[in-house]
Every structure is written in structure tokens, then in C-alpha cells.
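Below is my_file_25.cif, which holds mmCIF, C-alpha atoms.
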```cif
data_entry
loop_
_atom_site.label_atom_id
_atom_site.label_comp_id
_atom_site.auth_asym_id
_atom_site.auth_seq_id
_atom_site.Cartn_x
_atom_site.Cartn_y
_atom_site.Cartn_z
CA MET A 1 29.61 41.18 4.95
CA ASN A 2 26.20 40.11 3.67
CA GLU A 3 23.64 42.78 3.00
CA VAL A 4 20.91 42.96 5.64
CA ARG A 5 17.49 41.85 4.38
CA PHE A 6 15.37 44.69 3.07
CA VAL A 7 12.52 45.35 5.50
CA ASP A 8 9.19 47.11 4.95
CA ARG A 9 9.03 50.25 2.71
CA ALA A 10 6.24 48.67 0.67
CA GLU A 11 4.33 51.96 0.50
CA GLU A 12 7.42 53.87 -0.57
CA LEU A 13 8.27 51.38 -3.31
CA LYS A 14 4.69 51.50 -4.57
CA ALA A 15 4.73 55.30 -4.64
CA LEU A 16 8.05 55.46 -6.48
CA ARG A 17 6.90 52.83 -8.98
CA GLU A 18 3.81 54.89 -9.75
CA TRP A 19 5.98 57.98 -10.06
CA CYS A 20 8.19 56.27 -12.66
CA LEU A 21 5.30 54.98 -14.78
CA ARG A 22 4.27 58.46 -15.87
CA ARG A 23 6.02 61.32 -17.62
CA ARG A 24 6.96 63.83 -14.96
CA ALA A 25 7.89 67.46 -15.41
CA THR A 26 10.85 67.50 -13.00
CA PRO A 27 13.33 65.15 -11.33
CA LEU A 28 12.38 63.92 -7.85
CA TYR A 29 14.69 64.72 -4.92
CA VAL A 30 14.41 62.54 -1.82
CA TYR A 31 15.81 63.69 1.52
CA GLY A 32 15.53 62.42 5.08
CA PRO A 33 17.52 61.73 8.26
CA GLU A 34 21.03 60.43 7.72
CA GLY A 35 20.80 56.63 7.85
CA CYS A 36 17.04 56.46 7.26
CA GLY A 37 17.51 54.15 4.26
CA LYS A 38 17.51 56.40 1.17
CA THR A 39 20.34 54.49 -0.50
CA ARG A 40 18.84 51.06 0.18
CA LEU A 41 15.41 52.16 -1.04
CA LEU A 42 16.85 53.41 -4.34
CA LYS A 43 18.84 50.22 -4.85
CA GLU A 44 15.78 48.05 -4.21
CA LEU A 45 13.73 50.16 -6.62
CA VAL A 46 16.36 49.76 -9.36
CA ARG A 47 16.75 46.01 -8.73
CA ARG A 48 13.00 45.47 -8.95
CA PHE A 49 12.26 47.99 -11.67
CA SER A 50 11.88 45.52 -14.53
CA SER A 51 9.38 43.44 -12.52
CA LEU A 52 7.48 46.55 -11.45
CA THR A 53 6.63 47.49 -15.02
CA SER A 54 4.57 45.56 -17.55
CA ALA A 55 6.59 46.81 -20.52
CA GLY A 56 10.30 47.18 -21.17
CA ALA A 57 12.27 48.97 -18.48
CA ILE A 58 15.76 50.42 -18.07
CA ALA A 59 17.04 51.33 -14.62
CA VAL A 60 20.44 52.61 -13.48
CA TYR A 61 21.63 53.48 -9.96
CA ILE A 62 24.70 55.75 -9.62
CA ASP A 63 26.54 56.20 -6.32
CA ALA A 64 27.92 59.71 -6.69
CA LEU A 65 30.17 59.28 -3.64
CA GLU A 66 32.04 56.20 -4.88
CA ALA A 67 35.69 57.17 -5.19
CA GLU A 68 37.35 54.51 -7.37
CA SER A 69 35.33 51.45 -8.37
CA VAL A 70 33.06 51.48 -11.43
CA ASP A 71 31.43 48.24 -10.23
CA LYS A 72 30.50 49.84 -6.89
CA ALA A 73 29.39 53.10 -8.49
CA ILE A 74 26.81 51.50 -10.82
CA LEU A 75 23.92 49.13 -10.16
CA THR A 76 21.37 47.82 -12.68
CA PRO A 77 18.86 44.95 -12.74
CA ARG A 78 20.28 41.63 -13.93
CA SER A 79 18.30 41.94 -17.14
CA ILE A 80 20.40 44.92 -18.23
CA GLN A 81 23.91 44.31 -19.49
CA LEU A 82 26.53 46.95 -18.84
CA SER A 83 29.89 47.37 -20.52
CA ARG A 84 32.35 48.06 -17.70
CA GLU A 85 35.00 49.08 -20.22
CA VAL A 86 32.71 51.75 -21.67
CA LEU A 87 31.80 52.99 -18.18
CA ALA A 88 35.46 53.24 -17.24
CA SER A 89 36.25 55.15 -20.43
CA ILE A 90 33.38 57.56 -19.69
CA ALA A 91 34.65 58.20 -16.16
CA GLU A 92 38.24 58.68 -17.34
CA LYS A 93 37.19 61.68 -19.42
CA TYR A 94 36.59 63.64 -16.21
CA THR A 95 40.09 64.17 -14.85
CA GLY A 96 40.23 65.23 -11.23
CA LEU A 97 36.82 63.77 -10.37
CA THR A 98 35.97 60.59 -8.49
CA VAL A 99 34.34 57.75 -10.44
CA GLY A 100 30.94 58.37 -8.85
CA GLU A 101 30.97 62.10 -9.50
CA ALA A 102 32.09 61.58 -13.10
CA LEU A 103 29.30 59.07 -13.77
CA SER A 104 26.71 61.32 -12.13
CA ARG A 105 27.60 63.90 -14.79
CA SER A 106 27.55 61.31 -17.61
CA ILE A 107 23.98 60.06 -17.52
CA SER A 108 23.40 60.63 -21.22
CA ALA A 109 26.57 58.75 -22.19
CA ILE A 110 25.69 55.86 -19.87
CA LEU A 111 22.25 55.45 -21.39
CA GLU A 112 23.53 55.79 -24.96
CA LYS A 113 26.75 53.80 -24.84
CA ALA A 114 26.99 51.53 -21.82
CA ILE A 115 23.62 49.76 -21.81
CA LEU A 116 23.77 47.04 -24.43
CA LYS A 117 20.85 45.43 -26.31
CA ARG A 118 18.43 47.98 -24.93
CA ARG A 119 16.69 50.89 -26.56
CA MET A 120 14.98 53.76 -24.81
CA ARG A 121 12.23 54.31 -27.36
CA GLY A 122 8.91 53.16 -25.92
CA ASN A 123 10.50 51.93 -22.69
CA TYR A 124 10.35 53.14 -19.10
CA VAL A 125 13.66 54.66 -18.00
CA LEU A 126 14.76 55.35 -14.43
CA VAL A 127 18.05 56.94 -13.40
CA ALA A 128 18.70 57.09 -9.65
CA VAL A 129 21.60 59.26 -8.45
CA ASP A 130 22.58 58.84 -4.81
CA ASP A 131 24.01 61.60 -2.59
CA VAL A 132 25.01 63.93 -5.40
CA ALA A 133 25.11 67.08 -3.23
CA ARG A 134 27.94 65.79 -1.07
CA ALA A 135 29.81 64.55 -4.13
CA ILE A 136 29.77 67.75 -6.17
CA GLY A 137 29.81 70.30 -3.32
CA LEU A 138 27.36 72.99 -2.27
CA ASP A 139 28.68 75.47 -4.82
CA ARG A 140 27.57 73.16 -7.67
CA VAL A 141 24.21 71.98 -6.32
CA GLU A 142 22.07 74.59 -8.04
CA TRP A 143 23.91 74.06 -11.32
CA TYR A 144 23.26 70.30 -11.10
CA VAL A 145 19.54 70.79 -10.39
CA LYS A 146 19.11 72.85 -13.56
CA TRP A 147 21.41 70.61 -15.64
CA LEU A 148 19.55 67.45 -14.64
CA TYR A 149 16.18 69.01 -15.41
CA GLU A 150 17.33 70.06 -18.89
CA LEU A 151 18.94 66.66 -19.54
CA MET A 152 15.70 64.84 -18.73
CA TRP A 153 13.82 66.86 -21.33
CA LYS A 154 16.57 66.49 -23.95
CA LEU A 155 16.60 62.70 -23.55
CA ARG A 156 12.82 62.59 -23.74
CA GLU A 157 12.77 64.53 -27.00
CA SER A 158 15.71 62.65 -28.55
CA TYR A 159 14.83 59.06 -27.66
CA GLN A 160 11.07 59.15 -27.03
CA PRO A 161 10.83 56.73 -24.10
CA GLU A 162 7.42 55.91 -22.67
CA ALA A 163 8.61 57.74 -19.58
CA ILE A 164 12.02 58.85 -18.32
CA ASN A 165 12.44 59.91 -14.71
CA PHE A 166 15.31 60.86 -12.43
CA ILE A 167 15.31 60.27 -8.67
CA VAL A 168 18.08 61.90 -6.65
CA THR A 169 18.89 61.63 -2.96
CA THR A 170 20.26 64.71 -1.31
CA SER A 171 21.84 65.63 1.99
CA GLU A 172 19.92 67.68 4.48
CA GLY A 173 20.62 71.17 5.75
CA GLU A 174 22.16 73.64 3.34
CA SER A 175 21.86 71.51 0.18
CA LEU A 176 18.14 71.00 0.78
CA GLU A 177 17.63 74.76 1.02
CA LEU A 178 19.50 75.27 -2.25
CA ILE A 179 17.42 72.67 -4.08
CA SER A 180 14.12 73.97 -2.69
CA ARG A 181 14.73 77.35 -4.35
CA HIS A 182 14.18 75.90 -7.80
CA ARG A 183 11.09 75.03 -9.79
CA HIS A 184 13.24 72.37 -11.53
CA ALA A 185 12.95 69.98 -8.57
CA LEU A 186 10.20 68.20 -6.65
CA ILE A 187 11.22 67.33 -3.08
CA LYS A 188 9.85 64.51 -0.94
CA LEU A 189 10.71 63.19 2.52
CA LEU A 190 11.78 59.68 3.56
CA TRP A 191 11.54 59.12 7.31
CA ASN A 192 12.88 56.50 9.70
CA LEU A 193 11.15 53.12 10.08
CA GLU A 194 7.97 52.70 12.08
CA GLU A 195 8.38 50.70 15.29
CA LYS A 196 7.03 47.38 13.95
CA ALA A 197 9.39 47.42 10.95
CA PHE A 198 12.26 48.60 13.17
CA ARG A 199 11.78 45.61 15.47
CA GLU A 200 11.64 43.28 12.47
CA LEU A 201 14.94 44.67 11.19
CA ALA A 202 16.47 44.33 14.66
CA GLN A 203 15.65 40.61 14.71
CA GLU A 204 17.52 40.21 11.41
CA LEU A 205 20.63 41.41 13.24
CA ASN A 206 20.46 38.71 15.96
CA PRO A 207 20.24 40.89 19.09
CA PRO A 208 21.07 39.33 22.49
CA GLU A 209 18.04 38.17 24.50
CA SER A 210 18.93 40.63 27.24
CA LEU A 211 18.70 43.64 24.91
CA ASP A 212 16.05 46.22 25.76
CA LEU A 213 14.81 46.87 22.24
CA GLU A 214 12.40 49.54 23.48
CA HIS A 215 15.42 51.50 24.74
CA VAL A 216 17.12 51.16 21.35
CA TRP A 217 13.95 52.35 19.64
CA LYS A 218 13.79 55.45 21.85
CA LEU A 219 17.45 56.28 21.17
CA THR A 220 17.34 55.81 17.39
CA GLY A 221 13.75 56.79 16.61
CA GLY A 222 13.60 53.90 14.13
CA ASN A 223 16.68 54.88 12.13
CA PRO A 224 17.88 51.69 10.39
CA GLY A 225 21.41 52.95 9.78
CA LYS A 226 21.94 53.67 13.47
CA LEU A 227 20.45 50.30 14.43
CA ILE A 228 22.92 48.51 12.15
CA GLU A 229 25.72 50.67 13.55
CA ILE A 230 24.82 49.67 17.13
CA ALA A 231 24.68 45.99 16.16
CA GLU A 232 27.77 45.71 13.98
CA HIS A 233 30.18 48.33 15.32
CA PHE A 234 29.22 48.45 19.00
CA THR A 235 28.02 44.83 19.48
CA TRP A 236 24.73 46.09 20.94
CA ASP A 237 26.44 48.23 23.59
CA THR A 238 24.13 51.26 23.50
CA ALA A 239 26.00 53.03 26.29
CA ARG A 240 29.25 52.93 24.32
CA TRP A 241 27.39 54.00 21.16
CA LEU A 242 25.83 56.97 22.95
CA GLU A 243 29.23 57.96 24.34
CA SER A 244 30.62 57.97 20.79
CA ILE A 245 27.85 60.37 19.78
CA ARG A 246 28.68 62.66 22.71
CA GLU A 247 32.31 62.75 21.58
CA LYS A 248 31.22 63.52 18.02
CA LEU A 249 28.95 66.37 19.13
CA LYS A 250 31.36 68.15 21.48
CA PRO A 251 32.52 70.59 18.76
CA VAL A 252 28.85 71.46 18.08
CA ALA A 253 28.23 71.93 21.81
CA ARG A 254 31.27 74.20 22.03
CA LYS A 255 29.86 76.43 19.26
CA ILE A 256 26.52 76.58 21.05
CA LEU A 257 28.25 77.72 24.24
CA GLU A 258 30.49 80.22 22.41
CA ARG A 259 27.49 81.81 20.71
CA ASN A 260 25.37 81.82 23.87
CA LEU A 261 22.62 79.69 22.31
CA THR A 262 21.89 77.37 25.24
CA GLN A 263 18.44 78.84 25.97
CA GLU A 264 17.42 78.36 22.37
CA LEU A 265 18.72 74.78 22.50
CA LYS A 266 16.57 74.07 25.57
CA LEU A 267 13.51 75.19 23.62
CA ILE A 268 14.37 72.93 20.64
CA VAL A 269 15.04 70.01 23.01
CA GLU A 270 11.56 70.43 24.52
CA ASP A 271 9.87 70.93 21.16
CA PRO A 272 11.70 71.16 17.81
CA ASP A 273 8.83 73.24 16.42
CA SER A 274 10.16 76.07 18.60
CA ILE A 275 12.30 76.79 15.53
CA TRP A 276 9.06 77.91 13.87
CA HIS A 277 6.95 79.10 16.80
CA LYS A 278 9.63 81.10 18.63
CA PRO A 279 11.69 82.69 15.87
CA SER A 280 14.56 85.06 16.61
CA PRO A 281 17.99 85.78 15.11
CA LYS A 282 19.56 83.50 17.73
CA MET A 283 17.05 80.73 17.08
CA GLY A 284 17.78 81.01 13.36
CA GLU A 285 21.51 80.84 14.05
CA LEU A 286 21.10 77.71 16.16
CA TYR A 287 18.89 76.04 13.56
CA GLN A 288 21.47 76.64 10.83
CA LEU A 289 24.16 75.19 13.09
CA LEU A 290 22.13 72.06 13.95
CA ALA A 291 20.90 71.55 10.38
CA ALA A 292 24.40 71.86 8.91
CA ALA A 293 25.56 69.18 11.38
CA ASN A 294 22.65 66.90 10.30
CA LEU A 295 21.15 66.88 13.79
CA VAL A 296 17.82 68.66 13.16
CA ILE A 297 15.74 68.51 10.00
CA TYR A 298 12.80 70.30 8.43
CA LYS A 299 10.08 67.72 7.77
CA GLY A 300 7.44 69.85 6.14
CA PHE A 301 7.70 68.33 2.66
CA THR A 302 5.30 65.59 1.57
CA ALA A 303 6.57 62.08 2.35
CA VAL A 304 7.48 59.65 -0.43
CA SER A 305 4.61 57.41 0.68
CA GLU A 306 2.27 60.44 0.84
CA ALA A 307 1.61 59.57 4.50
CA LYS A 308 2.25 62.29 7.07
CA VAL A 309 5.04 61.65 9.57
CA PRO A 310 3.22 62.11 12.90
CA ALA A 311 4.53 64.37 15.64
CA ASN A 312 6.03 62.52 18.62
CA LEU A 313 7.75 64.75 21.15
CA GLU A 314 9.08 61.74 23.04
CA LEU A 315 11.16 60.99 19.94
CA GLY A 316 11.88 64.66 19.23
CA ILE A 317 9.52 64.90 16.25
CA GLY A 318 7.39 68.01 15.80
CA GLU A 319 4.88 68.92 13.14
CA ASP A 320 7.42 70.79 10.99
CA TYR A 321 10.84 70.13 12.51
CA ALA A 322 12.47 67.12 14.16
CA TRP A 323 15.67 65.77 15.62
CA GLN A 324 17.06 63.27 13.12
CA ILE A 325 17.36 60.75 15.94
CA PRO A 326 16.49 61.20 19.64
CA ALA A 327 20.06 60.31 20.70
CA TYR A 328 21.36 63.59 19.26
CA ARG A 329 19.05 65.55 21.53
CA LYS A 330 20.05 63.48 24.55
CA ALA A 331 23.77 63.72 23.78
CA LEU A 332 23.70 67.53 23.56
CA GLU A 333 21.69 67.70 26.78
CA ASP A 334 24.25 65.50 28.56
CA ILE A 335 27.21 67.52 27.27
CA LEU A 336 25.76 70.89 28.28
CA LYS A 337 24.52 69.94 31.74
#
```
Give the structure from this file in C-alpha cells form.
Amino acid sequence: MNEVRFVDRAEELKALREWCLRRRATPLYVYGPEGCGKTRLLKELVRRFSSLTSAGAIAVYIDALEAESVDKAILTPRSIQLSREVLASIAEKYTGLTVGEALSRSISAILEKAILKRRMRGNYVLVAVDDVARAIGLDRVEWYVKWLYELMWKLRESYQPEAINFIVTTSEGESLELISRHRHALIKLLWNLEEKAFRELAQELNPPESLDLEHVWKLTGGNPGKLIEIAEHFTWDTARWLESIREKLKPVARKILERNLTQELKLIVEDPDSIWHKPSPKMGELYQLLAAANLVIYKGFTAVSEAKVPANLELGIGEDYAWQIPAYRKALEDILK
């Protein structure tokens, strides 16, 4: 299947480029709704990195969730040659780990041994690690944050690049809370697409003329991953897609009923900022449940583009908290009626 054309995100690419052209004190961690495009944004940044800089540049993308394939776990611009044999030998040293997880722990070896005809001294270096929290597990997240921070400084001192920066995507919920405890990490938010870009992406997917794209927008809130899912896996049948979400969320709904949290859910459905404005032990319990299931998200961190994600209660977006997509809110409402 061909990769869908990359749409919009010009401001985010510009912001990340500027981030990488200076020496930074900490790695950058990017979080956002599941399916909002974190992976695609990192890949596009790595692919374009050489053209984004006026001097020499080295960029490596590592998919920490890739289970077996070295080729799928690593992405670099065409200008950088990689030795697959060296990468495989690096990964093989970590018995019991997947290829992606092993490579995410081998950044130094990748830069030193696998990139041929390139030197770090005086160059701009970017290492992007995708979805590391899910790969290594919650119990190792805080260790990885500190390890990555120390590695960045060691590489800077040893190889004296013009700038070396790490960008990491992380899951929401519990892993985000663990990362935010540390001074070794800067966290920024990537949100779903704005409506104009969302419609542009939809046209790339050849929707039927009869499709009510406004309805799709209100269900997905601009989430590109969910739009592609509706197009490719449900052949634009939004009713069937929404039913699949209801089935997925029934275990969450059961927990809400068991713990007598339905009144708190009604408040979050009306306004997700009720998590902040109407705190209680039960509200806190419900938030932890919804956040762990990647349904609700804290959106108080600065956005990658530096632009503020505006509140929109019709889409379930508050000032500080939001439903990841409006369909989750609707599905839980339907189940619990």
C-alpha cells in the first residue's frame, strides 16, 4: 500500500527544524492523541533534514516498536548510507529484545558504527525515537529519560557536533506523567489536523461523492489516523466504524459502571475541563481510567508549533483537557444510555 501524501504540518516542521539547529539542554518529547500523526511528522523531518540545514546533517529515525525488521526499524535520508549488517549485529547483542527496542538503546553505536562516510564533528545531528514508552514498558520510562539525557551530553562532548538533538514520541496517560516528573525532558504537544488540512487529506483518500465530510470531521476531530482507518478499513462506513469503537470501549464502560463513576463521566462529556474545575477522588479515578485507555488527554503543554490549541466543546476540547477524538465521547455516551 502506497503511503498517503503528507499534508500540512508546515509550522510544526519549521519549529522542529529550528529546534534542531541549536544546541539544546534536553531531549524533546512529543505527545498527542493516538493517530494525530507523530510518527509521520518525525519521518518527514528525518527525510528532509539534510535539505533543512545549510551545513552537513545526520538524521536517524528509530521505530522502537518494530519487532523483527532492521529495514523497518531504521529510516535515514538518502544521502546517508547505513550498513544493515552492522545494524543487525548491534541489535543481536540485546537478546530477548525486539529489533526496535534494541536499536533505541543503541543510539551511540548506530552513530559511531552504522553511518558510513559521515562524521559528527561540526555537523547537525538528529536522532528521532518513535514510541519508546510502549516499547520498553512503564517501569523503564524514567530510566530511559535520564539515560537519553546523559547520552546526548556524552556524544556532544566526545564528537563535538555543531548541534545534536534527540526527539522522542511518547504515549499519553501514565507514561506522560512519568516523563513530566523530570528536568531531563522538554515536553510539547502535537494535535490533530485543522479542518482545512483534514479535508485536504480526505480528498487524497478518494472519498465517495455522497460522503458527509462534515460528519467525519465531527467524529474524528481532525485525527488523520482515524480518517485513514475509516477510509481503508471501513470503506467510508462511519456507522460501522463507530460501532467498532463502541465494542472496543465496552470494557471501559463496564469499569465506569462498576466504580459508580457515571456522574463524573457526564461532567467530562459536557466539558473535559471538569477534570480540573470539579476535582474529587472519583473524578481523579475516572481521569486515570480514561487517560490510561487513551481516550482523554491533558493538553496543557506548549504545542510543537507554539500555537495554542483552541478550546472547542463541540469537538470535546477544553482549555486544559480534551477527548482525543469526539467519537470516544459519543461511544461512551451511547453505551451508558
Quick one: contact table of region 280-313 of chain A to region 186-192 of chain A, 6 Å max, nearest atom pair and distance in Å to one decimal per residue, counting only C-alpha atoms, chain and number order, as a tab-separated table?
```
residue	atom	partner	partner_atom	distance
A:Phe301	CA	A:Lys188	CA	5.7
A:Thr302	CA	A:Lys188	CA	5.3
A:Ala303	CA	A:Leu189	CA	4.3
A:Val304	CA	A:Lys188	CA	5.4
```
Could you please take those selected residues and save C-alpha atoms as a PDB file, keeping the file's coordinate frame?
```
ATOM      1  CA  PHE A 301       7.700  68.330   2.660  1.00  0.00           C
ATOM      2  CA  THR A 302       5.300  65.590   1.570  1.00  0.00           C
ATOM      3  CA  ALA A 303       6.570  62.080   2.350  1.00  0.00           C
ATOM      4  CA  VAL A 304       7.480  59.650  -0.430  1.00  0.00           C
TER       5      VAL A 304
END
```
key: Contacts of Lys337 (chain A) within 12 Å, only C-alpha atoms, excl. fewer than 6 positions in-chain, as a PyMOL selection string   = chain A and resi 253+257+262+265-266+330-331
When the PyMOL selection byres ((chain A and resi 229-233) around 12) is applied to the structure above, which residues does it catch, written out as a short mmCIF file (atom, residue, chain, number, x, y, z; two decimals) with C-alpha atoms, keeping the file's coordinate frame?
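What ended up in part_12.cif:
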```cif
data_model
loop_
_atom_site.label_atom_id
_atom_site.label_comp_id
_atom_site.auth_asym_id
_atom_site.auth_seq_id
_atom_site.Cartn_x
_atom_site.Cartn_y
_atom_site.Cartn_z
CA MET A 1 29.61 41.18 4.95
CA ASN A 2 26.20 40.11 3.67
CA VAL A 4 20.91 42.96 5.64
CA GLY A 35 20.80 56.63 7.85
CA LEU A 201 14.94 44.67 11.19
CA ALA A 202 16.47 44.33 14.66
CA GLN A 203 15.65 40.61 14.71
CA GLU A 204 17.52 40.21 11.41
CA LEU A 205 20.63 41.41 13.24
CA ASN A 206 20.46 38.71 15.96
CA PRO A 207 20.24 40.89 19.09
CA PRO A 208 21.07 39.33 22.49
CA LEU A 211 18.70 43.64 24.91
CA LEU A 213 14.81 46.87 22.24
CA VAL A 216 17.12 51.16 21.35
CA TRP A 217 13.95 52.35 19.64
CA LEU A 219 17.45 56.28 21.17
CA THR A 220 17.34 55.81 17.39
CA ASN A 223 16.68 54.88 12.13
CA PRO A 224 17.88 51.69 10.39
CA GLY A 225 21.41 52.95 9.78
CA LYS A 226 21.94 53.67 13.47
CA LEU A 227 20.45 50.30 14.43
CA ILE A 228 22.92 48.51 12.15
CA PHE A 234 29.22 48.45 19.00
CA THR A 235 28.02 44.83 19.48
CA TRP A 236 24.73 46.09 20.94
CA ASP A 237 26.44 48.23 23.59
CA THR A 238 24.13 51.26 23.50
CA ALA A 239 26.00 53.03 26.29
CA ARG A 240 29.25 52.93 24.32
CA TRP A 241 27.39 54.00 21.16
CA LEU A 242 25.83 56.97 22.95
CA GLU A 243 29.23 57.96 24.34
CA SER A 244 30.62 57.97 20.79
CA ILE A 245 27.85 60.37 19.78
#
```
key: Target residues per the PyMOL selection byres ((chain A and resi 123-128) around 8), formatted as a PyMOL selection string   = chain A and resi 20-21+42+46+53+55-62+107+119-122+129-130+161-168
On this structure, which residues satisfy the PyMOL selection byres ((chain A and resi 83) around 12), written as a CSV table (one decimal) with C-alpha atoms, in the coordinates of the input?
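Written file, expr.csv:
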```
chain,number,residue,atom,x,y,z
A,70,VAL,CA,33.1,51.5,-11.4
A,71,ASP,CA,31.4,48.2,-10.2
A,74,ILE,CA,26.8,51.5,-10.8
A,76,THR,CA,21.4,47.8,-12.7
A,80,ILE,CA,20.4,44.9,-18.2
A,81,GLN,CA,23.9,44.3,-19.5
A,82,LEU,CA,26.5,47.0,-18.8
A,84,ARG,CA,32.4,48.1,-17.7
A,85,GLU,CA,35.0,49.1,-20.2
A,86,VAL,CA,32.7,51.8,-21.7
A,87,LEU,CA,31.8,53.0,-18.2
A,88,ALA,CA,35.5,53.2,-17.2
A,89,SER,CA,36.2,55.2,-20.4
A,90,ILE,CA,33.4,57.6,-19.7
A,109,ALA,CA,26.6,58.8,-22.2
A,110,ILE,CA,25.7,55.9,-19.9
A,111,LEU,CA,22.2,55.4,-21.4
A,112,GLU,CA,23.5,55.8,-25.0
A,113,LYS,CA,26.8,53.8,-24.8
A,114,ALA,CA,27.0,51.5,-21.8
A,115,ILE,CA,23.6,49.8,-21.8
A,116,LEU,CA,23.8,47.0,-24.4
A,117,LYS,CA,20.8,45.4,-26.3
```
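Across the structure, CA of Arg40 (chain A) and CA of Glu209 (chain A) are spaced 27.5 Å apart.
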key: Nearest candidate to Ile317 (chain A) (options A:Gln288, A:Thr95, A:Ser274, A:Asn294; using only C-alpha atoms)   = A:Ser274
message = Would you compute the distance between CA of Val141 (chain A) and CA of Ile179 (chain A)? Give it in Å to one decimal.
response =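 Distance reported for this atom pair: 7.2 Å.
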